[in-house]
Structure formats: structure tokens, C-alpha cells
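File shown: entry24.cif (mmCIF, C-alpha atoms).
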```
data_work
loop_
_atom_site.label_atom_id
_atom_site.label_comp_id
_atom_site.auth_asym_id
_atom_site.auth_seq_id
_atom_site.Cartn_x
_atom_site.Cartn_y
_atom_site.Cartn_z
CA MET A 277 13.99 -2.65 5.98
CA VAL A 278 10.46 -1.30 5.66
CA ARG A 279 11.55 2.11 6.92
CA ALA A 280 14.41 2.19 4.40
CA VAL A 281 12.07 1.30 1.53
CA LEU A 282 9.61 3.99 2.59
CA GLU A 283 12.40 6.57 2.78
CA GLY A 284 13.51 5.52 -0.71
CA ALA A 285 9.96 5.91 -1.97
CA ARG A 286 9.78 9.39 -0.48
CA TRP A 287 13.15 10.27 -2.02
CA TYR A 288 11.79 9.24 -5.43
CA SER A 289 8.67 11.36 -4.78
CA GLU A 290 6.30 8.40 -4.76
CA ARG A 291 2.89 9.45 -3.52
CA LEU A 292 1.48 6.09 -2.46
CA VAL A 293 2.78 2.71 -1.30
CA LEU A 294 0.62 -0.43 -1.38
CA VAL A 295 1.37 -3.71 0.35
CA LEU A 296 -0.33 -7.04 0.70
CA GLY A 297 0.63 -8.19 4.15
CA HIS A 298 -0.13 -8.72 7.80
CA PRO A 299 -2.14 -5.77 9.15
CA GLU A 300 -0.71 -5.96 12.66
CA TYR A 301 2.79 -5.56 11.23
CA TYR A 302 2.24 -2.82 8.65
CA THR A 303 0.00 -0.58 10.76
CA ARG A 304 3.05 0.30 12.88
CA PHE A 305 4.37 2.14 9.80
CA GLY A 306 1.10 4.00 9.21
CA PHE A 307 -0.52 1.70 6.66
CA VAL A 308 -4.32 1.45 6.63
CA PRO A 309 -6.68 -0.74 4.58
CA ALA A 310 -6.42 0.37 0.95
CA SER A 311 -10.21 0.16 0.66
CA ARG A 312 -10.38 3.42 2.65
CA TYR A 313 -9.07 5.09 -0.50
CA GLY A 314 -11.23 3.12 -2.92
CA ILE A 315 -8.36 0.80 -3.86
CA ARG A 316 -9.01 -2.93 -4.19
CA PRO A 317 -7.10 -5.92 -5.55
CA SER A 318 -8.39 -7.83 -8.56
CA PHE A 319 -8.48 -11.07 -6.54
CA GLU A 320 -10.02 -12.21 -3.27
CA VAL A 321 -8.08 -11.12 -0.19
CA PRO A 322 -9.13 -10.03 3.31
CA ASP A 323 -9.82 -6.29 3.26
CA GLU A 324 -7.40 -5.56 6.10
CA ALA A 325 -4.50 -7.32 4.30
CA MET A 326 -4.35 -4.97 1.27
CA MET A 327 -2.89 -1.84 2.77
CA ALA A 328 -1.95 1.66 1.67
CA LEU A 329 0.29 4.42 2.95
CA VAL A 330 -0.08 7.90 1.48
CA LEU A 331 3.32 9.60 1.34
CA ASP A 332 2.18 12.80 -0.35
CA ASP A 333 -1.36 14.02 0.20
CA SER A 334 -1.03 17.13 -1.98
CA ALA A 335 -3.32 15.51 -4.58
CA PRO A 336 -6.19 13.04 -4.37
CA VAL A 337 -5.23 9.39 -3.97
CA PRO A 338 -5.92 7.42 -7.17
CA ARG A 339 -8.80 4.95 -6.81
CA GLY A 340 -9.33 1.69 -8.60
CA THR A 341 -8.36 -1.94 -8.92
CA ILE A 342 -4.81 -3.19 -8.49
CA GLU A 343 -3.73 -5.40 -11.40
CA TYR A 344 -0.74 -7.64 -10.78
CA PRO A 345 1.48 -8.82 -13.67
CA PRO A 346 0.73 -12.37 -14.91
CA ALA A 347 3.93 -13.70 -13.30
CA PHE A 348 2.25 -13.35 -9.88
CA GLY A 349 -0.46 -15.81 -10.87
CA VAL A 350 -3.34 -13.86 -9.33
#
```

Full structure transcribed into C-alpha cells:
Amino acid sequence: MVRAVLEGARWYSERLVLVLGHPEYYTRFGFVPASRYGIRPSFEVPDEAMMALVLDDSAPVPRGTIEYPPAFGV
């Protein structure tokens, strides 16, 4: 399923995918800690759990704080 979602993201020309998940699982798809790109969540979470995968490196990766919608409660 992850591979299909990533292919869909590439098809839609997304440049970056972020996930909050288990690092041992997502690294097999090429994800790395999002902090390497200056991306952090707005709530406390282990650094290795917020992960990023750059799909298009033709431009700099946006940096900043991830803000979740209120429905997520974080």
C-alpha cells in the first residue's frame, strides 16, 4: 500500500511526503527523519518518528513546523 501511495504522489507531482510512524518500517521506502530537512511537528514526538521522503529534489525542500488540523487533537 505504501508503494502505491508513493507512486500516486509522484503521479500528482508531489515533491515531499511526510509520515508519523515507525522508523524501522518507513526507512525501507527511503524515508529519513524530517528534522534533516528542518521540518518539525508542532507537538512532542520522537525525532526519528516524524519522517520525510523527497520525491522531487529539483527545488529546495520547504522547512518549518507541521501544523495538523484541529480534528487530530495535537

Can you translate the PyMOL selection byres ((chain A and resi 299) around 12) into the concrete residues it hits in this file, as a PyMOL selection string?
chain A and resi 295-298+300-310+322-328

With distances taken over all atoms listed in the file, which of A:Val281, A:Leu329, A:Leu294, A:Ala347 is nearest to Pro317 of chain A?
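For Pro317 of chain A, the nearest of the given residues is A:Leu294.
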
Which residue of A:Ile342, A:Ile315, A:Val321, A:Leu331 approaches Tyr288 of chain A most closely, using only C-alpha atoms
A:Leu331

With the PyMOL selection byres ((chain A and resi 314) around 9) as the selection, what would be picked from this file? Answer as an NGL selection string, please.
:A and (310-313 or 315-316 or 337-341)

Quick one, how far is atom CA of Val350 of chain A from atom CA of Met277 of chain A?
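Atom-to-atom, atom CA of Val350 of chain A to atom CA of Met277 of chain A, that is 25.7 Å.
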
Axis-aligned box for segment 341-348 of chain A, 4 Å per side, centre and edges in Å as lines of an AutoDock Vina configuration file:
```
center_x = -2.2
center_y = -7.8
center_z = -11.7
size_x = 20.3
size_y = 19.8
size_z = 14.4
```

One number please: atom CA of Val293 of chain A to atom CA of Pro346 of chain A, in Å, one decimal.
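Separating atom CA of Val293 of chain A from atom CA of Pro346 of chain A is a distance of 20.4 Å.
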
Could you name the residues that touch Arg291 of chain A at 7 Å or less, counting only C-alpha atoms, but leaving out those on the same chain fewer than 2 positions away, as a count of residues only?
4

Atom CA of Ala335 of chain A to atom CA of Leu292 of chain A, distance in Å rounded to a single decimal:
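Separating atom CA of Ala335 of chain A from atom CA of Leu292 of chain A is a distance of 10.8 Å.
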
Can I get segment 285-301 of chain A with N, CA, C and O atoms filled in, as an mmCIF file, in the coordinates of the input?
```cif
data_model
loop_
_atom_site.group_PDB
_atom_site.id
_atom_site.type_symbol
_atom_site.label_atom_id
_atom_site.label_comp_id
_atom_site.auth_asym_id
_atom_site.auth_seq_id
_atom_site.Cartn_x
_atom_site.Cartn_y
_atom_site.Cartn_z
ATOM 1 N N ALA A 285 11.157 5.509 -1.222
ATOM 2 C CA ALA A 285 9.960 5.910 -1.970
ATOM 3 C C ALA A 285 9.725 7.410 -1.851
ATOM 4 O O ALA A 285 9.399 8.079 -2.842
ATOM 5 N N ARG A 286 9.919 7.939 -0.661
ATOM 6 C CA ARG A 286 9.780 9.390 -0.480
ATOM 7 C C ARG A 286 10.844 10.138 -1.286
ATOM 8 O O ARG A 286 10.561 11.159 -1.907
ATOM 9 N N TRP A 287 12.063 9.639 -1.279
ATOM 10 C CA TRP A 287 13.150 10.270 -2.020
ATOM 11 C C TRP A 287 12.831 10.337 -3.512
ATOM 12 O O TRP A 287 13.150 11.301 -4.187
ATOM 13 N N TYR A 288 12.174 9.279 -4.021
ATOM 14 C CA TYR A 288 11.790 9.240 -5.430
ATOM 15 C C TYR A 288 10.444 9.924 -5.689
ATOM 16 O O TYR A 288 9.881 9.814 -6.771
ATOM 17 N N SER A 289 9.930 10.600 -4.679
ATOM 18 C CA SER A 289 8.670 11.360 -4.780
ATOM 19 C C SER A 289 7.462 10.487 -5.095
ATOM 20 O O SER A 289 6.516 10.936 -5.738
ATOM 21 N N GLU A 290 7.488 9.245 -4.636
ATOM 22 C CA GLU A 290 6.300 8.400 -4.760
ATOM 23 C C GLU A 290 5.226 8.977 -3.853
ATOM 24 O O GLU A 290 5.506 9.483 -2.779
ATOM 25 N N ARG A 291 3.988 8.896 -4.297
ATOM 26 C CA ARG A 291 2.890 9.450 -3.520
ATOM 27 C C ARG A 291 2.166 8.412 -2.677
ATOM 28 O O ARG A 291 1.504 8.756 -1.702
ATOM 29 N N LEU A 292 2.280 7.139 -3.081
ATOM 30 C CA LEU A 292 1.480 6.090 -2.460
ATOM 31 C C LEU A 292 2.260 4.788 -2.470
ATOM 32 O O LEU A 292 2.923 4.462 -3.455
ATOM 33 N N VAL A 293 2.177 4.036 -1.368
ATOM 34 C CA VAL A 293 2.780 2.710 -1.300
ATOM 35 C C VAL A 293 1.673 1.727 -0.935
ATOM 36 O O VAL A 293 0.884 1.985 -0.009
ATOM 37 N N LEU A 294 1.594 0.624 -1.658
ATOM 38 C CA LEU A 294 0.620 -0.430 -1.380
ATOM 39 C C LEU A 294 1.351 -1.704 -1.006
ATOM 40 O O LEU A 294 2.383 -2.020 -1.601
ATOM 41 N N VAL A 295 0.808 -2.419 -0.025
ATOM 42 C CA VAL A 295 1.370 -3.710 0.350
ATOM 43 C C VAL A 295 0.243 -4.702 0.583
ATOM 44 O O VAL A 295 -0.868 -4.326 0.974
ATOM 45 N N LEU A 296 0.552 -5.943 0.335
ATOM 46 C CA LEU A 296 -0.330 -7.040 0.700
ATOM 47 C C LEU A 296 0.386 -7.766 1.819
ATOM 48 O O LEU A 296 1.444 -8.372 1.593
ATOM 49 N N GLY A 297 -0.110 -7.629 3.037
ATOM 50 C CA GLY A 297 0.630 -8.190 4.150
ATOM 51 C C GLY A 297 -0.183 -8.246 5.429
ATOM 52 O O GLY A 297 -1.380 -7.978 5.448
ATOM 53 N N HIS A 298 0.500 -8.552 6.498
ATOM 54 C CA HIS A 298 -0.130 -8.720 7.800
ATOM 55 C C HIS A 298 -0.457 -7.356 8.400
ATOM 56 O O HIS A 298 0.432 -6.546 8.652
ATOM 57 N N PRO A 299 -1.744 -7.099 8.660
ATOM 58 C CA PRO A 299 -2.140 -5.770 9.150
ATOM 59 C C PRO A 299 -1.500 -5.388 10.475
ATOM 60 O O PRO A 299 -1.174 -4.218 10.679
ATOM 61 N N GLU A 300 -1.305 -6.317 11.383
ATOM 62 C CA GLU A 300 -0.710 -5.960 12.660
ATOM 63 C C GLU A 300 0.740 -5.509 12.507
ATOM 64 O O GLU A 300 1.236 -4.727 13.311
ATOM 65 N N TYR A 301 1.410 -5.974 11.470
ATOM 66 C CA TYR A 301 2.790 -5.560 11.230
ATOM 67 C C TYR A 301 2.842 -4.188 10.552
ATOM 68 O O TYR A 301 3.531 -3.276 11.008
#
```
